[in-house]
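Here is the structure we will look at, set down as structure tokens.
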Amino acid sequence: MELPFAEPYKIKVVEPLYRSSREEREKWIREAKYNLFNLKSEQVFIDLLTDSGTGAMSQYQWSEIMLGDESYAGSSSFFKLRDVIYELLDMPYFLPTHQGRAAENVLFSALIKENDVVPGNSHFDTTKGHIEYRRARAIDCTIDEACNTAEYHPFKGNIDLQKLEDVFKKYPAEKIPLCIITVTCNTSGGQPVSMENIREVSALCRKYGVMPVFDAARFAENAYFIKTREKGFENKSIREIVKEMFSYVDGATMSSKKDAIVNIGGFIVLRDKSLFEKASMFNIMYEGYLTYGGLAGRDLGALAQGLREGTEYDYLESRVEQVAYLGRKLQEYNVPIQVPTGGHAVFVDAKKFLPHVPKEEYQAQTLAVELYLEGGVRGVEIGTLLADRNPVTRENRYPRLELLRLAIPRRVYTDNHIEYIAAALANIWERREKITKGFRITHEAPIMRHFTVELERVER
Ligand SMILES: *Cc1c(COP(=O)(O)O)cnc(C)c1O
């Protein structure tokens, strides 16, 4: 018999979880005004709010915490990280930052001016925030297939070359400081970008004199998808694929809280010396001196080790296949999800799940609350609450997709937890016809309302 897949690690330290009763959860979620961000983590059994900074570090990473060199300048932890980055990404210049959005802040300070446009594939929300804050505009050029949850496409994160070229033709090169390729594309569901697409986007950028840059938070998961889905890469190692990916760009911003499996950290890599010098000035102003960038020496060391582990095939297989396992279980129970599953999360299609809840009553949020009540599982709404209001008319913006995102932390939960999550959703699916009422907003902030919104149940 062929031996089944098993994780390439065992567990040394455990963190106990409290299994609450439905009565407790009813009370807690009411006190939280039906906003899952307001729950205390002890009130959550399985936490799928995010995969950012929530991974489990290895014994080697914890050793780096003890080995951390806290010198202000020139710490050995910095050089460990620099060497790993040179070796893995083959980029000549690097700056540490305290997380991904800080890397965006530093790089964009050096690059973006008012009225610029920045094309890319569904820019991440902080990325878009940092572009718009500079009175520039993010233009989404993701392929249309990304919006159809039921249609299979191996690389739903791809950029539509026609849409991109239209942007390049419409605006002069000096108005387009960079093009951002997000690998994997978070906003469309952790969907990968193919090597072919990266190569073609890069060539198009070069033709029009635009700098191609990665938003690289999940570059290793993207490399795993290239290896397992794209012809010609079956026999290449993850690290060979990563090197080739980076060979097509001139820089990258990185949130290390994702694929580098650390709880905090980020960095920038660049090919151009003068841009590096310009960015260095902003790094010193916003983040800290060039050899620590807002991080403790111990964080730099853990990050260096995390980059090594995060680019190992066995680890990536266990990681991505666990996410796929949740997707398969849900499909077995007929729960509608975005296919194929992405690298870090499964997205449940709440419009199809709860068609009897009016969209004005927040279908995805209703499903998120139901899942918490059913099993103490915390997911996150990617729907109307997140899409917020039109800034001019103040009307709700109804996005094309109403999704419940289940983000899986790295190396944290077992397959029993995965089965539990799937069973909880299956139970709700069984009684979905009876769920006809959603929520009404009682309090909301003028922007980014989803973090602090307060809700009450609609009574009819
Ligand atoms: C998380 C993330 C960021 C921002 O990084 P932080 O570390 O949370 O500041 C940027 N882009 C993508 C694609 C991300 O997933």
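Chain labels follow the order of the structure tokens: the first chain is A, the next B, and so on; residue numbering restarts at 1 in every chain, and ligands are counted from 1 in their shown order.
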### Query
Please, which residues have at least one atom within 7 Å of an atom of ligand 1, using only C-alpha atoms and all ligand atoms, listed as an MDAnalysis selection string?
chainID A and resid 52 99:102 124 126:127 182:183 185:186 215:217 255:258 265:266
### Polymer residues at most 10 Å from Ala350 of chain A, only C-alpha atoms, same-chain spacing of 5 or more positions, as a PyMOL selection string
chain A and resi 335-337+355+357+359+362-368+381-383+401-405
Write the residues of the preceding selection, restricted to N, CA and C atoms, as a short mmCIF file (atom, residue, chain, number, x, y, z; two decimals), in the first residue's frame.
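As a result, result_33.cif now contains:
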data_model
loop_
_atom_site.label_atom_id
_atom_site.label_comp_id
_atom_site.auth_asym_id
_atom_site.auth_seq_id
_atom_site.Cartn_x
_atom_site.Cartn_y
_atom_site.Cartn_z
N VAL A 335 -20.75 22.06 0.41
CA VAL A 335 -20.64 23.47 0.78
C VAL A 335 -19.97 24.23 -0.38
N PRO A 336 -20.61 25.32 -0.87
CA PRO A 336 -20.04 26.04 -2.02
C PRO A 336 -18.80 26.84 -1.64
N ILE A 337 -17.68 26.56 -2.31
CA ILE A 337 -16.43 27.27 -2.02
C ILE A 337 -15.79 27.76 -3.32
N PRO A 355 -28.86 31.97 0.51
CA PRO A 355 -29.60 32.81 -0.45
C PRO A 355 -30.85 33.44 0.16
N VAL A 357 -31.03 34.92 3.08
CA VAL A 357 -30.70 36.12 3.85
C VAL A 357 -30.51 37.26 2.83
N LYS A 359 -29.18 40.48 0.94
CA LYS A 359 -27.80 40.99 0.93
C LYS A 359 -27.65 42.22 1.82
N TYR A 362 -26.21 41.31 5.25
CA TYR A 362 -24.83 40.84 5.40
C TYR A 362 -24.70 39.31 5.46
N GLN A 363 -24.82 38.69 4.30
CA GLN A 363 -24.83 37.23 4.21
C GLN A 363 -23.55 36.60 4.77
N ALA A 364 -22.39 37.13 4.38
CA ALA A 364 -21.14 36.49 4.80
C ALA A 364 -20.93 36.67 6.31
N GLN A 365 -21.32 37.83 6.82
CA GLN A 365 -21.20 38.05 8.26
C GLN A 365 -22.16 37.12 9.01
N THR A 366 -23.36 36.92 8.46
CA THR A 366 -24.33 36.02 9.09
C THR A 366 -23.75 34.60 9.16
N LEU A 367 -23.10 34.19 8.09
CA LEU A 367 -22.49 32.86 8.07
C LEU A 367 -21.33 32.78 9.07
N ALA A 368 -20.54 33.85 9.16
CA ALA A 368 -19.42 33.86 10.09
C ALA A 368 -19.91 33.71 11.53
N GLU A 381 -15.34 37.84 7.56
CA GLU A 381 -16.18 38.27 6.44
C GLU A 381 -15.36 39.00 5.41
N ILE A 382 -15.47 38.57 4.15
CA ILE A 382 -14.88 39.33 3.03
C ILE A 382 -16.08 39.64 2.15
N GLY A 383 -16.84 40.65 2.54
CA GLY A 383 -18.08 40.93 1.82
C GLY A 383 -18.47 42.38 1.98
N LEU A 401 -18.61 39.33 -4.84
CA LEU A 401 -18.56 38.11 -4.06
C LEU A 401 -18.79 38.41 -2.58
N GLU A 402 -19.60 37.56 -1.95
CA GLU A 402 -19.78 37.61 -0.49
C GLU A 402 -19.09 36.36 0.03
N LEU A 403 -17.96 36.54 0.69
CA LEU A 403 -17.18 35.35 1.07
C LEU A 403 -16.94 35.29 2.57
N LEU A 404 -16.87 34.05 3.07
CA LEU A 404 -16.39 33.81 4.43
C LEU A 404 -15.01 33.20 4.27
N ARG A 405 -13.98 33.91 4.74
CA ARG A 405 -12.62 33.39 4.59
C ARG A 405 -12.21 32.59 5.82
#
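The list of residues with at least one atom within 8 Å of Ala136 of chain A, based on only C-alpha atoms and without residues fewer than 4 positions apart in the same chain, reads Ile112, Lys113, Glu114, Asn115, Asp116, Val117, Val118, Ile131 and Glu132 of chain A.
Nearest to Val13 of chain A of all the residues A:His450, A:Arg411, A:Arg460, A:Lys40 is A:Arg411, counting only C-alpha atoms.
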### Query
Do you know which residues are at most 12 Å from Met66 of chain A counting only C-alpha atoms, after dropping those on the same chain fewer than 6 positions away, and could you put them as a PyMOL selection string?
chain A and resi 59-60+77+296-302
## Note on the structure
From atom CA of Phe155 of chain A to atom CA of Thr187 of chain A the spacing works out at 13.5 Å
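Near Val249 of chain A, within 10 Å and counting only C-alpha atoms, sit Met91, Cys179, Ile180, Ile181, Ile198, Arg199, Val201, Ser202, Ala203, Cys205, Arg206, Met211, Pro212, Val213, Phe214, Glu244, Met245, Leu270 and Arg271 of chain A; same-chain residues fewer than 4 positions away were not included.
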### Summary
Closest of A:Val167, A:Ile447, A:Ala150, A:Ile29 to Gln338 of chain A, counting only C-alpha atoms, is A:Ala150
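In this structure, atom CA of Arg400 of chain A sits 13.8 Å away from atom CA of Phe347 of chain A.
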### Task
Check the DSSP output for the backbone and give back, as a ChimeraX atom specification, the residues of segment 248-381 of chain A in strand (DSSP E or B).
/A:251-255,266-270,337,345-349,377-378,380-381
### Task
Write out as number ranges by chain each polymer residue whose atoms come within 8 Å of Thr452 of chain A, counting only C-alpha atoms; drop sequence neighbours fewer than 2 positions from it.
A: 35, 37-38, 444-445, 449-450, 454
